[in-house]
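A quick write-up on the structure given underneath.
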Amino acid sequence: MRRHHLHRPTFRRRGCSPAAGLLGFALLGFAPPAAHAQRVELRLDVDKHIATVGEAVGVSVHLTIDGRGSYSEFLPPRMEGFERRGGGMTSQQTEIVNWQVRQREVRSYIAIPLKQGTLTIGPAAVRISGKLIQSNTVKVHVKEGSSSAATPDQDAQDDTLDEPQAAGPSPGVPRGGVLPSVFIGAAASPTKVYVGQQLVAQWRLYTQSDVLGFQMLKQPTADGFWMEELESPRRLRFERHMIQGRLFYSALITRKAFFPQRAGTLVLGPMEAQIRTMDLFAGPVTRRSEQLSVEVLPLPQAGQPKDFAEPNVGRYDIAAALDRHEVAAGDAVTLKIVIRGSGNLQQLVAPKLGKLDGLKVYEPKVSVDLDKTNELQGEKVVEYLLLPTRSGKLTIPSLTLQYFDPGKQRYRSASTLALELNVTGKMVATGTTRGDGTQNVLGQDIRPPLPARTLMHRRQPTAIGPIRVALVIFPLAVLLLLAAYDAMRQRLARPTERALDRATAKKVRESLRQAAEHERAGDSAGLFAALANALREQLRHQLGRPVEGLTRDELRQQMQQAGMTDDLVRDVINELDNCDFARFAPSASDPQQLQDATQRTRQLVRRLASAGKPFKGRDRSQQVNLEPGIKQVR
């Protein structure tokens with residue numbers, strides 16, 4: 001079944017009345033065809049990159065069309081090695097913003113992997129105006145499904161420690177005594193864990209009559225724990241329970257996942273709330289739950305890998321993939337490392353990608369997608385931008401994740417496969433524009449002066465007449481006047497601090513103007529290149545030297561020597577790395593990301609301009625020429 005959700009077009013222009021909106025919509029239908037330039041984007045996504053055989057993988061195809069056109073044919077994504085379920089449920093949306101029509105469509109599928117290995121989903125395709133447009137492909141790493149039964153020998157080998165069963169939390173009813181008509185119960189499971197192991201605690205409200213009011217007064221304290229909230233319903237949903245022969249209604253207040261950070265006996269504090277029910281005629285009462293004690297064991301030393309990261313406790317799997325396996329020289333590739341499992345994914349330490357032969361590695365982009373159904377699980381994605389520095393076949397070695405499995409009570413490891421990248425073409429030298437300090441080098445087409453072949457000796461006159469004296473003094477006077485004129489002209493043409501500031505501000509404004517044009521055109525690569533150029537121009541002015549050829553460490557040292565604060569140095573270098581990463585990253589085309597990057601760059605330029613007096617402690621004669629018309633002093 002296909003579901004069509006057609007949203008009413010909305011006009012977002014500030015101050016636009018409904019009548020003007022209807023008029024604009026009418027005029028839009030009579031606009032000439034040239035005004036509706038179409039841009040088609042087709043993207044394929046999955047909800048998980050690591051799965052087991054038989055586990056459902058959600059697949060979505062996102063289609064965006066800028067303009068009033070439509071496609072004539074849709075080809076669903078290829079799913080070799082999967083069983084496809086569902087006919088592609090569709091949601092559609094049409095927007096009109098600033099007289100521009102944008103159509104969005106999303107098709108959803110369920111893919112069931114049938115075998116192990118690295119399987120590929122996609123591409124999907126649409127045919128529009130006679131042209132076939134394809135989406136990207138996505139790789140899913142499929143593992144063997146976990147077995148539900150273990151052999152007796154394996155069970156005996158695994159039960160070497162007193163590990164509590166990971167059953168669901170009990171209702172948390174206080175033991176002993178007569179229960180009041182309304183109370184708060186607390187339960188945690190398991191109550192005996194290792195450092196970093198996940199435990200789930202929940203707090204429930206029990207009542208024998210209708211609840212008229214509930215107000216939280218104090219949340220449970222969790223000193224020594226890392227906490228992630230799993231579920232906190234906005235409305236209480238009650239269930240029936242028979243407790244001590246009496247009928248109670250219970251509702252979940254909150255469920256949280258806790259990860260102990262140190263060994264010993266840790267305590268989850270009580271929850272306190274004010275409750276009013278039909279049976280409490282005197283008004284609301286205050287109820288507190290019991291505190292929960294958790295025994296935390298240290299991680300075993302036997303078999304612990306060297307330099308083991310304590311947060312890596314749980315059950316994990318890891319996979320790695322390149323977005324392309326063959327690139328031309330000078331193009332970048334993205335390496336995506338996906339870690340999936342159950343545990344503290346926020347604190348999980350992923351294996352680091354060291355120095356690679358023939359590849360420049362940029363700082364990674366890390367994202368976490370959590371599933372908070374019953375326990376904390378999900379995916380941690382680490383994306384590296386790799387830039388080849390030589391041609392040929394390059395190898396990315398296998399990465400190994402070391403973790404402690406509390407269920408098996410032993411240290412385990414998961415590894416990725418080694419990947420190969422083929423770089424074709426000839427590498428181009430990474431030269432920079434003028435301003436690298438080589439503009440004063442003697443050109444090859446200028447020959448040195450030749451030595452004189454002979455020296456002519458003439459007899460000097462014994463008497464010097466007035467005419468000869470005049471002939472000698474006149475050229476010298478002319479030369480002195482010319483030298484004085486040239487010195488005065490050079491002094492007047494020497495760039496002042498204010499002139500250099502104006503020249504730099506002009507160049508920065510030009511770069512930001514180009515960035516705005518690229519943003520309107522949807523060219524993310526051109527936008528980030530212009531933003532990086534604006535930062536480098538301001539840095540060149542403040543430091544008094546070109547920065548294009550400096551490494552990040554050299555640039556950090558130069559900025560610190562210029563008296564810039566550590567916060568400013570860190571923010572500028574991070575933004576330059578972000579620009580380099582986003583020029584090649586296909587996901588950096590979101591309009592909000594482009595606007596945020598432009599705003600951050602403008603703020604950094606202003607902070608650099610006010611960071612201190614440019615060229616402090618430097619000779620003005622060593623500065624480069626920043627603008628035509630301002631002559632460089634030699």
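Residues in the structure tokens are numbered from 1 in each chain, the chains being A, B, ... in the order shown, and ligands are numbered from 1 in the order shown.
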I want to know what sits within 10 Å of Arg570 (chain A), based on only C-alpha atoms, with residues of the same chain fewer than 5 positions away left out; could you give that as a list in words? Arg556, Thr565 and Glu575 of chain A
Just all heavy atoms for this one: save the residues we selected as a JSON list (two decimals), in the first residue's frame.
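Saved result, again_15.json, follows:
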[["chain", "number", "residue", "atom", "x", "y", "z"],
["A", 556, "ARG", "N", 49.83, 26.24, 14.86],
["A", 556, "ARG", "CA", 49.51, 26.43, 16.29],
["A", 556, "ARG", "C", 50.65, 27.17, 17.00],
["A", 556, "ARG", "O", 50.43, 28.07, 17.81],
["A", 556, "ARG", "CB", 49.27, 25.07, 16.93],
["A", 556, "ARG", "CG", 48.85, 25.17, 18.40],
["A", 556, "ARG", "CD", 48.64, 23.79, 19.01],
["A", 556, "ARG", "NE", 47.47, 23.14, 18.45],
["A", 556, "ARG", "CZ", 47.53, 22.15, 17.57],
["A", 556, "ARG", "NH1", 48.71, 21.67, 17.17],
["A", 556, "ARG", "NH2", 46.43, 21.60, 17.09],
["A", 565, "THR", "N", 45.11, 33.48, 22.23],
["A", 565, "THR", "CA", 44.69, 32.60, 23.32],
["A", 565, "THR", "C", 44.56, 31.17, 22.84],
["A", 565, "THR", "O", 44.39, 30.90, 21.63],
["A", 565, "THR", "CB", 43.34, 33.07, 23.88],
["A", 565, "THR", "OG1", 42.34, 32.98, 22.85],
["A", 565, "THR", "CG2", 43.44, 34.50, 24.38],
["A", 575, "GLU", "N", 38.27, 24.65, 12.82],
["A", 575, "GLU", "CA", 37.45, 25.08, 11.69],
["A", 575, "GLU", "C", 38.16, 24.84, 10.37],
["A", 575, "GLU", "O", 37.52, 24.49, 9.37],
["A", 575, "GLU", "CB", 37.09, 26.57, 11.85],
["A", 575, "GLU", "CG", 35.99, 27.04, 10.92],
["A", 575, "GLU", "CD", 34.69, 26.28, 11.17],
["A", 575, "GLU", "OE1", 34.41, 25.91, 12.31],
["A", 575, "GLU", "OE2", 33.97, 26.04, 10.18]]
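Ranking A:Ala251, A:Gln409, A:Ser91, A:Gln244 by their shortest atom-to-atom distance to Gln301 (chain A), with only C-alpha atoms included, puts A:Gln409 first.
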Ranking A:Gly54, A:Gly343, A:Gly330, A:Pro284 by minimum distance to Leu212 (chain A) and counting only C-alpha atoms, which one comes first?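 For Leu212 (chain A), the nearest of the given residues is A:Pro284.
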Can you work out which one of A:Asp405, A:Glu228, A:Glu95, A:Glu41 has the shortest atom-to-atom distance to Lys256 (chain A), counting only C-alpha atoms? A:Glu228
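Nearest to Ile133 (chain A) of all the residues A:Ile253, A:Val368, A:Ala525, A:Leu63 is A:Leu63, counting only C-alpha atoms.
By chain and then residue number, the residues within 8 Å of Pro113 (chain A) are Ala51, Thr52, Val53, Gly54, Glu55, Ala56, Val57, Gly81, Phe82, Glu83, Ala111, Lys115, Gln116 and Val142 of chain A, counting only C-alpha atoms and disregarding those fewer than 2 positions away in sequence.
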Any chance you can output those residues with N, CA and C atoms as a PDB file, in the first residue's frame?
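Saved to out_9.pdb:
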ATOM      1  N   ALA A  51      24.653  -6.362  11.014  1.00  0.00           N
ATOM      2  CA  ALA A  51      23.462  -7.132  11.335  1.00  0.00           C
ATOM      3  C   ALA A  51      23.824  -8.608  11.368  1.00  0.00           C
ATOM      4  N   THR A  52      22.902  -9.407  11.872  1.00  0.00           N
ATOM      5  CA  THR A  52      23.061 -10.856  11.866  1.00  0.00           C
ATOM      6  C   THR A  52      22.100 -11.456  10.856  1.00  0.00           C
ATOM      7  N   VAL A  53      22.352 -12.709  10.476  1.00  0.00           N
ATOM      8  CA  VAL A  53      21.501 -13.387   9.508  1.00  0.00           C
ATOM      9  C   VAL A  53      20.081 -13.467  10.067  1.00  0.00           C
ATOM     10  N   GLY A  54      19.105 -13.009   9.273  1.00  0.00           N
ATOM     11  CA  GLY A  54      17.712 -13.021   9.696  1.00  0.00           C
ATOM     12  C   GLY A  54      17.254 -11.774  10.408  1.00  0.00           C
ATOM     13  N   GLU A  55      18.162 -10.843  10.714  1.00  0.00           N
ATOM     14  CA  GLU A  55      17.785  -9.612  11.410  1.00  0.00           C
ATOM     15  C   GLU A  55      17.328  -8.565  10.412  1.00  0.00           C
ATOM     16  N   ALA A  56      16.240  -7.874  10.730  1.00  0.00           N
ATOM     17  CA  ALA A  56      15.659  -6.895   9.814  1.00  0.00           C
ATOM     18  C   ALA A  56      16.532  -5.651   9.729  1.00  0.00           C
ATOM     19  N   VAL A  57      16.739  -5.160   8.509  1.00  0.00           N
ATOM     20  CA  VAL A  57      17.487  -3.935   8.239  1.00  0.00           C
ATOM     21  C   VAL A  57      16.544  -2.967   7.530  1.00  0.00           C
ATOM     22  N   GLY A  81      21.308 -11.024  -1.885  1.00  0.00           N
ATOM     23  CA  GLY A  81      21.624 -11.634  -0.603  1.00  0.00           C
ATOM     24  C   GLY A  81      20.634 -11.276   0.482  1.00  0.00           C
ATOM     25  N   PHE A  82      19.594 -10.504   0.159  1.00  0.00           N
ATOM     26  CA  PHE A  82      18.572 -10.109   1.114  1.00  0.00           C
ATOM     27  C   PHE A  82      17.205 -10.584   0.624  1.00  0.00           C
ATOM     28  N   GLU A  83      16.318 -10.748   1.564  1.00  0.00           N
ATOM     29  CA  GLU A  83      14.902 -10.924   1.245  1.00  0.00           C
ATOM     30  C   GLU A  83      14.200  -9.596   1.491  1.00  0.00           C
ATOM     31  N   ALA A 111      14.806  -5.177   4.660  1.00  0.00           N
ATOM     32  CA  ALA A 111      15.696  -6.153   4.021  1.00  0.00           C
ATOM     33  C   ALA A 111      16.138  -7.158   5.079  1.00  0.00           C
ATOM     34  N   LYS A 115      22.526 -14.458   4.246  1.00  0.00           N
ATOM     35  CA  LYS A 115      23.827 -15.110   4.343  1.00  0.00           C
ATOM     36  C   LYS A 115      24.817 -14.165   4.995  1.00  0.00           C
ATOM     37  N   GLN A 116      25.961 -14.741   5.397  1.00  0.00           N
ATOM     38  CA  GLN A 116      27.003 -13.940   6.022  1.00  0.00           C
ATOM     39  C   GLN A 116      27.834 -13.227   4.961  1.00  0.00           C
ATOM     40  N   VAL A 142      27.239  -8.586   7.581  1.00  0.00           N
ATOM     41  CA  VAL A 142      26.316  -9.568   8.134  1.00  0.00           C
ATOM     42  C   VAL A 142      27.114 -10.662   8.834  1.00  0.00           C
TER      43      VAL A 142
END
Would you mind reading off the distance between CA of Thr265 (chain A) and CA of Glu375 (chain A), one decimal, in Å?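 Pair CA of Thr265 (chain A) / CA of Glu375 (chain A) returns 22.2 Å.
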Name the residues in contact with Pro305 (chain A) at a cut-off of 12 Å, using only C-alpha atoms, excluding same-chain residues fewer than 6 positions from it; report them as a list in words. Leu299, Asn312, Thr400, Leu401, Gln402, Tyr403, Phe404, Arg410, Tyr411, Arg412 and Ser413 of chain A
Now that the selection is made, can you save its residues with N, CA and C atoms as an mmCIF file, in the first residue's frame?
data_model
loop_
_atom_site.group_PDB
_atom_site.id
_atom_site.type_symbol
_atom_site.label_atom_id
_atom_site.label_comp_id
_atom_site.auth_asym_id
_atom_site.auth_seq_id
_atom_site.Cartn_x
_atom_site.Cartn_y
_atom_site.Cartn_z
ATOM 1 N N LEU A 299 37.406 -5.226 36.837
ATOM 2 C CA LEU A 299 37.653 -6.079 35.672
ATOM 3 C C LEU A 299 38.778 -7.053 35.993
ATOM 4 N N ASN A 312 35.235 -0.136 27.502
ATOM 5 C CA ASN A 312 34.891 -1.119 26.468
ATOM 6 C C ASN A 312 34.378 -2.402 27.121
ATOM 7 N N THR A 400 41.386 -3.644 15.170
ATOM 8 C CA THR A 400 40.909 -4.592 16.178
ATOM 9 C C THR A 400 40.336 -3.841 17.370
ATOM 10 N N LEU A 401 39.135 -4.229 17.781
ATOM 11 C CA LEU A 401 38.472 -3.665 18.956
ATOM 12 C C LEU A 401 38.552 -4.688 20.088
ATOM 13 N N GLN A 402 39.199 -4.304 21.181
ATOM 14 C CA GLN A 402 39.288 -5.152 22.365
ATOM 15 C C GLN A 402 38.185 -4.742 23.348
ATOM 16 N N TYR A 403 37.417 -5.747 23.856
ATOM 17 C CA TYR A 403 36.356 -5.439 24.806
ATOM 18 C C TYR A 403 36.188 -6.614 25.771
ATOM 19 N N PHE A 404 35.534 -6.329 26.893
ATOM 20 C CA PHE A 404 35.257 -7.355 27.893
ATOM 21 C C PHE A 404 33.779 -7.706 27.826
ATOM 22 N N ARG A 410 34.923 -12.890 29.886
ATOM 23 C CA ARG A 410 36.275 -12.959 29.327
ATOM 24 C C ARG A 410 36.483 -11.793 28.362
ATOM 25 N N TYR A 411 37.752 -11.515 28.065
ATOM 26 C CA TYR A 411 38.106 -10.480 27.095
ATOM 27 C C TYR A 411 38.004 -11.067 25.692
ATOM 28 N N ARG A 412 37.430 -10.288 24.816
ATOM 29 C CA ARG A 412 37.246 -10.735 23.438
ATOM 30 C C ARG A 412 37.697 -9.615 22.498
ATOM 31 N N SER A 413 37.774 -9.938 21.223
ATOM 32 C CA SER A 413 38.188 -8.949 20.222
ATOM 33 C C SER A 413 37.366 -9.143 18.955
#
